[in-house]
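All remarks here apply to the structure that follows.
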Amino acid sequence: MIFMRTVIQRVKYAKVNVDGKTIGEIDKGLLVLLGITHEDTIKEVKWLANKTKNLRIFEDEEERMNLSLEDVKGKVLIISQFTLYGNSIKGNRPSFIDAAKPDYAKDLYLKFIEEFKSFGIETQEGEFGADMKVELLNDGPVTIIIDTKDATIK
């Protein structure tokens, strides 16, 4: 089984453009690339949003990764990215068979965004299905990958 996947980057800033216009922009916080499969449910959305919010990957006064997004009053930019499920084991052209169909994925993507907003965290987003240009300054660099298949979600 394959479940929801994120690539989380701690950033100094991040922004997303569609058709030459900035549609989402943050300063200090997290850029979250979100991949959704056809087996995902609201349980994965809630678990993964909470896990991401609570990740202690920001530095404290002793320069140790010990603070969460909330602790540093950081922001989040959430981008849907079906290519996180690109499988290129066979051949050179990736297969995206494990990625959820667009209607299903969009619904869970929007629920993930709603979850972050419900935490009171300033949340920006990309445009589902659009050709987006994402710009960021990775801080550290710090990049964390989380697959919900690795967790016991109840």
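Letters A, B, ... mark the chains of the structure tokens in the order given; residue numbers begin at 1 per chain; ligand numbers begin at 1, in order shown.
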Residue set, segment 24-136 of chain A restricted to strand (DSSP E or B), as number ranges by chain: A: 24-26, 29-35, 37, 58-59, 65-67, 75-80, 87, 95, 99, 123-125, 132-136
Residues of segment 2-37 of chain A that approach segment 125-146 of chain A to 6 Å or less, counting only C-alpha atoms: could you list each one with the shortest pair of atoms and its distance in Å to one decimal, rows by chain and increasing residue number, as a tab-separated table?
```
residue	atom	partner	partner_atom	distance
A:Arg5	CA	A:Ile146	CA	5.7
A:Thr6	CA	A:Ile146	CA	5.3
A:Val7	CA	A:Ile145	CA	4.6
A:Ile8	CA	A:Ile144	CA	5.1
A:Gln9	CA	A:Thr143	CA	4.5
A:Arg10	CA	A:Asp139	CA	5.4
A:Val11	CA	A:Asn138	CA	4.4
A:Lys12	CA	A:Leu137	CA	5.5
A:Tyr13	CA	A:Leu136	CA	5.6
A:Ala14	CA	A:Leu136	CA	4.1
A:Lys15	CA	A:Glu135	CA	5.4
A:Val16	CA	A:Val134	CA	4.5
A:Asn17	CA	A:Lys133	CA	5.1
A:Val18	CA	A:Met132	CA	5.1
A:Gly24	CA	A:Glu125	CA	5.5
```
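Across A:Gly29, A:Gly35, A:Gly91, A:Gly86, the tightest approach to Asp71 of chain A is made by A:Gly29 when counting only C-alpha atoms.
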Distance query Leu55 of chain A at most 9 Å, only C-alpha atoms, self and fewer than 5 positions along chain excluded, as a PyMOL selection string: chain A and resi 50+66-69
Quick one: write out the picked residues with all heavy atoms as a compact mmCIF listing (two decimals), in the first residue's frame?
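This went into out_10.txt:
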```txt
# COMPACT_ATOMS: atom_id res chain seq x y z
N ASN A 50 -1.12 17.46 11.03
CA ASN A 50 -0.70 17.61 12.42
C ASN A 50 0.78 17.30 12.60
O ASN A 50 1.51 18.01 13.29
CB ASN A 50 -1.56 16.71 13.32
CG ASN A 50 -1.44 17.08 14.77
OD1 ASN A 50 -1.70 18.21 15.15
ND2 ASN A 50 -1.02 16.12 15.57
N ASN A 66 14.81 22.32 17.30
CA ASN A 66 14.02 22.01 18.49
C ASN A 66 12.68 22.73 18.50
O ASN A 66 11.91 22.56 19.43
CB ASN A 66 14.83 22.38 19.73
CG ASN A 66 14.39 21.64 20.96
OD1 ASN A 66 13.85 20.54 20.87
ND2 ASN A 66 14.60 22.25 22.11
N LEU A 67 12.41 23.56 17.48
CA LEU A 67 11.20 24.37 17.47
C LEU A 67 10.30 23.99 16.29
O LEU A 67 10.78 23.63 15.22
CB LEU A 67 11.56 25.86 17.39
CG LEU A 67 12.44 26.40 18.52
CD1 LEU A 67 12.81 27.85 18.25
CD2 LEU A 67 11.75 26.25 19.87
N SER A 68 9.00 24.11 16.51
CA SER A 68 8.01 23.79 15.47
C SER A 68 7.62 25.05 14.70
O SER A 68 7.98 26.17 15.07
CB SER A 68 6.77 23.17 16.11
OG SER A 68 6.05 24.18 16.82
N LEU A 69 6.83 24.84 13.68
CA LEU A 69 6.30 25.93 12.88
C LEU A 69 5.54 26.92 13.76
O LEU A 69 5.71 28.14 13.64
CB LEU A 69 5.37 25.36 11.79
CG LEU A 69 4.83 26.30 10.73
CD1 LEU A 69 5.96 26.89 9.90
CD2 LEU A 69 3.84 25.57 9.84
```
Separation of atom CA of Lys111 of chain A from atom CA of Lys46 of chain A, in Å and rounded to one decimal: 8.6 Å
Contacts of Lys117 of chain A within 12 Å, only C-alpha atoms, excl. fewer than 3 positions in-chain, as a PyMOL selection string: chain A and resi 49-50+53+75-78+110-114+120-125
Pull N, CA, C and O atoms from the residues just selected and write them as a tab-separated table (two decimals), in the first residue's frame.
```tsv
chain	number	residue	atom	x	y	z
A	49	ALA	N	-1.11	16.56	8.37
A	49	ALA	CA	-1.12	18.00	8.66
A	49	ALA	C	-0.63	18.24	10.09
A	49	ALA	O	0.21	19.12	10.34
A	50	ASN	N	-1.12	17.46	11.03
A	50	ASN	CA	-0.70	17.61	12.42
A	50	ASN	C	0.78	17.30	12.60
A	50	ASN	O	1.51	18.01	13.29
A	53	LYS	N	2.83	20.19	11.13
A	53	LYS	CA	2.74	21.37	12.01
A	53	LYS	C	3.66	21.22	13.21
A	53	LYS	O	4.28	22.19	13.67
A	75	LYS	N	5.02	30.35	8.54
A	75	LYS	CA	3.92	30.24	7.59
A	75	LYS	C	4.12	28.97	6.77
A	75	LYS	O	5.18	28.35	6.81
A	76	VAL	N	3.10	28.61	6.00
A	76	VAL	CA	3.21	27.41	5.18
A	76	VAL	C	2.68	27.71	3.78
A	76	VAL	O	1.70	28.43	3.62
A	77	LEU	N	3.39	27.17	2.78
A	77	LEU	CA	2.96	27.22	1.39
A	77	LEU	C	2.77	25.77	0.95
A	77	LEU	O	3.72	24.98	1.00
A	78	ILE	N	1.55	25.41	0.55
A	78	ILE	CA	1.22	24.03	0.21
A	78	ILE	C	0.99	23.92	-1.29
A	78	ILE	O	0.17	24.64	-1.86
A	110	LEU	N	-7.42	20.20	-0.82
A	110	LEU	CA	-8.13	21.33	-0.21
A	110	LEU	C	-8.42	21.08	1.27
A	110	LEU	O	-8.33	22.00	2.09
A	111	LYS	N	-8.69	19.84	1.63
A	111	LYS	CA	-8.89	19.51	3.04
A	111	LYS	C	-7.58	19.67	3.83
A	111	LYS	O	-7.60	20.11	4.98
A	112	PHE	N	-6.45	19.33	3.22
A	112	PHE	CA	-5.15	19.52	3.86
A	112	PHE	C	-4.92	21.00	4.13
A	112	PHE	O	-4.47	21.39	5.22
A	113	ILE	N	-5.23	21.83	3.17
A	113	ILE	CA	-5.09	23.29	3.34
A	113	ILE	C	-6.02	23.78	4.45
A	113	ILE	O	-5.60	24.55	5.33
A	114	GLU	N	-7.26	23.32	4.44
A	114	GLU	CA	-8.23	23.71	5.48
A	114	GLU	C	-7.72	23.32	6.86
A	114	GLU	O	-7.90	24.06	7.83
A	120	GLY	N	-4.64	27.90	12.73
A	120	GLY	CA	-4.32	29.31	12.91
A	120	GLY	C	-2.99	29.69	12.31
A	120	GLY	O	-2.43	30.74	12.63
A	121	ILE	N	-2.47	28.86	11.42
A	121	ILE	CA	-1.19	29.12	10.75
A	121	ILE	C	-1.48	29.81	9.43
A	121	ILE	O	-2.34	29.37	8.67
A	122	GLU	N	-0.74	30.90	9.15
A	122	GLU	CA	-0.92	31.56	7.86
A	122	GLU	C	-0.56	30.58	6.76
A	122	GLU	O	0.55	30.05	6.72
A	123	THR	N	-1.53	30.31	5.89
A	123	THR	CA	-1.40	29.28	4.88
A	123	THR	C	-1.62	29.85	3.50
A	123	THR	O	-2.64	30.49	3.24
A	124	GLN	N	-0.66	29.61	2.62
A	124	GLN	CA	-0.77	29.98	1.21
A	124	GLN	C	-0.81	28.69	0.41
A	124	GLN	O	-0.41	27.63	0.91
A	125	GLU	N	-1.24	28.78	-0.83
A	125	GLU	CA	-1.38	27.56	-1.62
A	125	GLU	C	-1.09	27.81	-3.09
A	125	GLU	O	-1.16	28.94	-3.57
```
All helix (DSSP H, G or I) residues (DSSP, backbone) inside chain A, as a PyMOL selection string: chain A and resi 42-54+82-85+102-118+148-150
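Using only C-alpha atoms for every distance, the candidate list A:Thr148, A:Ser88, A:Thr37, A:Ser118 yields A:Thr37 as the residue closest to Lys106 of chain A.
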